[in-house]
Amino acid sequence: MTAEPRATPHGGPVPVDSGPSLAPPCGLGALWAVRHGESTANLAFAAAAASRSTEPVAGRDRDVPLSPWGVRQAEALGRWLADQDRESGPDLVVCSPYLRARQTWHAMRESAAARGVPPVETVVDERLRDWEAGVFELHPPTAVQARSPEEASRRRLVGEWHYRPPGGEALTDVALRVRQFMTDLAQAASGRRVLLVTHDGVLLALRHALAGIGAAAPGHLPPVPNASLSHWTPDGRTLRLRTWGDTAHLAGLGPTPS
């Protein structure tokens with residue numbers, strides 16, 4: 001019987017997935033996954049929702065940087081990293097190629113180094129990139145609704161997990177590349193304690209992939225806060241989700257700027 005996962009201090013309890021599934025074998029010593037800190041696009045999307053703006057955010061998604069608050073969040077993650085025991089904390093980092101994820105890891109690494117943490121081996125893997133929105137890249141929902149109401153309607157009809165924008169990916173597609181990434185990672189880094197620095201869509205896909213064959217597609221996508229931590233630990237032959245979306249390490253930052 002699988003033990004009930006513990007509640008996270010700020011991320012809420014981790015629910016037990018319903019229904020039987022066959023979790024894939026994974027020889028990692030531990031797995032953590034971080035969503036990048038707040039980005040300028042996160043701020044722009046929030047502003048668009050408030051103002052009902054119909055304009056997309058300029059630029060390319062892969063070039064979106066952290067906001068100043070996102071840098072502070074990443075530095076707090078570095079303090080969390082410095083608090084980890086050297087024999088049980090991460091000894092390998094795999095990062096998304098997108099700028100906001102690489103900036104998150106850079107700020108984490110610098111913050112941890114200032115507290116005496118030695119360098120951690122780091123690699124970048126394209127499969128940890130964000131969920132691709134195709135023709136709606138960097139379009140807030142209000143912009144999609146104004147420019148293509150039929151696509152906005154189709155998204156509501158099929159649901160967030162299955163919707164594939166023109167030229168982009170559904171989360172089901174993200175789950176396929178994440179599943180292959182985890183298979184390769186388990187072979188290349190057997191026994192190692194791995195930290196992923198990535199995006200909310202990748203984290204949702206990772207949770208589904210690690211739940212195993214037969215895991216039901218999520219009817220509701222659980223929130224993944226910026227700069228949150230999720231944690232899986234080995235349970236014999238598989239990895240089990242222990243915490244999801246934990247933000248306890250951000251408590252000392254104070255309220256999020258409005």
# chains A, B, ... in the order shown; residues from 1 in each chain; ligands from 1
call {"tool": "residues_around", "arguments": {"residues": "Val57 (chain A)", "least_positions_apart": "3", "cutoff": "10 Å", "atoms": "only C-alpha atoms", "output": "ChimeraX atom specification"}}
result
/A:40-41,44-45,48,54,60-61,64,137-140,143
call {"tool": "residues_around", "arguments": {"residues": "Leu204 (chain A)", "least_positions_apart": "6", "cutoff": "12 Å", "atoms": "only C-alpha atoms", "output": "PyMOL selection string"}}
result
chain A and resi 33-35+128+130-131+160-161+170-176+178-179+198+210-211+217-218+220-225+230+244-245
call {"tool": "atom_distance", "arguments": {"atom1": "CA of Leu99 (chain A)", "atom2": "CA of Arg164 (chain A)"}}
result
23.7 Å
call {"tool": "select_by_dssp", "arguments": {"residues": "region 90-206 of chain A", "states": "strand (DSSP E or B)", "output": "list of chain:residue names"}}
result
A:Leu92, A:Val93, A:Val94, A:Cys95, A:Glu121, A:Thr122, A:Val123, A:Val124, A:Arg193, A:Val194, A:Leu195, A:Leu196, A:Val197, A:Thr198
call {"tool": "select_by_dssp", "arguments": {"residues": "region 19-226 of chain A", "states": "alpha helix (DSSP H)", "output": "PyMOL selection string"}}
result
chain A and resi 40-51+68-83+99-113+141-147+149-158+171-188+200-211
call {"tool": "residues_around", "arguments": {"residues": "Val194 (chain A)", "least_positions_apart": "6", "cutoff": "12 Å", "atoms": "only C-alpha atoms", "output": "PyMOL selection string"}}
result
chain A and resi 27-34+88-95+120-123+182+185-186+188+230-234
call {"tool": "atom_distance", "arguments": {"atom1": "CA of Leu250 (chain A)", "atom2": "CA of Leu195 (chain A)"}}
result
17.8 Å
call {"tool": "atom_distance", "arguments": {"atom1": "CA of Gln84 (chain A)", "atom2": "CA of Val117 (chain A)"}}
result
9.6 Å
call {"tool": "closest_residue", "arguments": {"among": "A:Ala112, A:Val158, A:Ala152, A:Val135", "to": "Gly219 (chain A)", "atoms": "only C-alpha atoms"}}
result
A:Val158
call {"tool": "residues_around", "arguments": {"residues": "Gln73 (chain A)", "least_positions_apart": "3", "cutoff": "8 Å", "atoms": "only C-alpha atoms", "output": "PyMOL selection string"}}
result
chain A and resi 37-38+69-70+76-77+227+250+253
call {"tool": "write_last_selection", "arguments": {"atoms": "N, CA and C atoms", "output": "PDB file, in the first residue's frame"}}
result
ATOM      1  N   GLY A  37      11.328  31.192 -11.385  1.00  0.00           N
ATOM      2  CA  GLY A  37      10.763  32.332 -10.685  1.00  0.00           C
ATOM      3  C   GLY A  37       9.853  33.153 -11.588  1.00  0.00           C
ATOM      4  N   GLU A  38       9.187  34.115 -10.965  1.00  0.00           N
ATOM      5  CA  GLU A  38       8.273  34.971 -11.718  1.00  0.00           C
ATOM      6  C   GLU A  38       8.991  35.614 -12.910  1.00  0.00           C
ATOM      7  N   TRP A  69      11.406  40.455  -9.002  1.00  0.00           N
ATOM      8  CA  TRP A  69      10.869  39.604  -7.928  1.00  0.00           C
ATOM      9  C   TRP A  69      11.209  38.138  -8.185  1.00  0.00           C
ATOM     10  N   GLY A  70      11.199  37.737  -9.454  1.00  0.00           N
ATOM     11  CA  GLY A  70      11.576  36.371  -9.783  1.00  0.00           C
ATOM     12  C   GLY A  70      13.016  36.069  -9.422  1.00  0.00           C
ATOM     13  N   ALA A  76      16.056  32.854  -3.030  1.00  0.00           N
ATOM     14  CA  ALA A  76      15.505  32.101  -1.898  1.00  0.00           C
ATOM     15  C   ALA A  76      15.619  30.598  -2.137  1.00  0.00           C
ATOM     16  N   LEU A  77      15.432  30.169  -3.377  1.00  0.00           N
ATOM     17  CA  LEU A  77      15.650  28.761  -3.696  1.00  0.00           C
ATOM     18  C   LEU A  77      17.106  28.369  -3.457  1.00  0.00           C
ATOM     19  N   ALA A 227       8.636  29.467  -8.646  1.00  0.00           N
ATOM     20  CA  ALA A 227       9.709  29.167  -7.688  1.00  0.00           C
ATOM     21  C   ALA A 227       9.300  28.125  -6.657  1.00  0.00           C
ATOM     22  N   LEU A 250       9.907  30.472   0.391  1.00  0.00           N
ATOM     23  CA  LEU A 250       9.668  31.857  -0.032  1.00  0.00           C
ATOM     24  C   LEU A 250       9.037  32.708   1.065  1.00  0.00           C
ATOM     25  N   LEU A 253      10.280  36.232   2.098  1.00  0.00           N
ATOM     26  CA  LEU A 253      10.328  37.317   1.118  1.00  0.00           C
ATOM     27  C   LEU A 253       9.252  38.366   1.338  1.00  0.00           C
TER      28      LEU A 253
END
call {"tool": "closest_residue", "arguments": {"among": "A:Glu75, A:Arg127, A:Ala216, A:Pro255", "to": "Arg177 (chain A)", "atoms": "only C-alpha atoms"}}
result
A:Arg127
call {"tool": "residues_around", "arguments": {"residues": "Gly212 (chain A)", "least_positions_apart": "2", "cutoff": "7 Å", "atoms": "only C-alpha atoms", "output": "VMD selection string"}}
result
chain A and resid 21 to 24 209 to 210 214 to 215
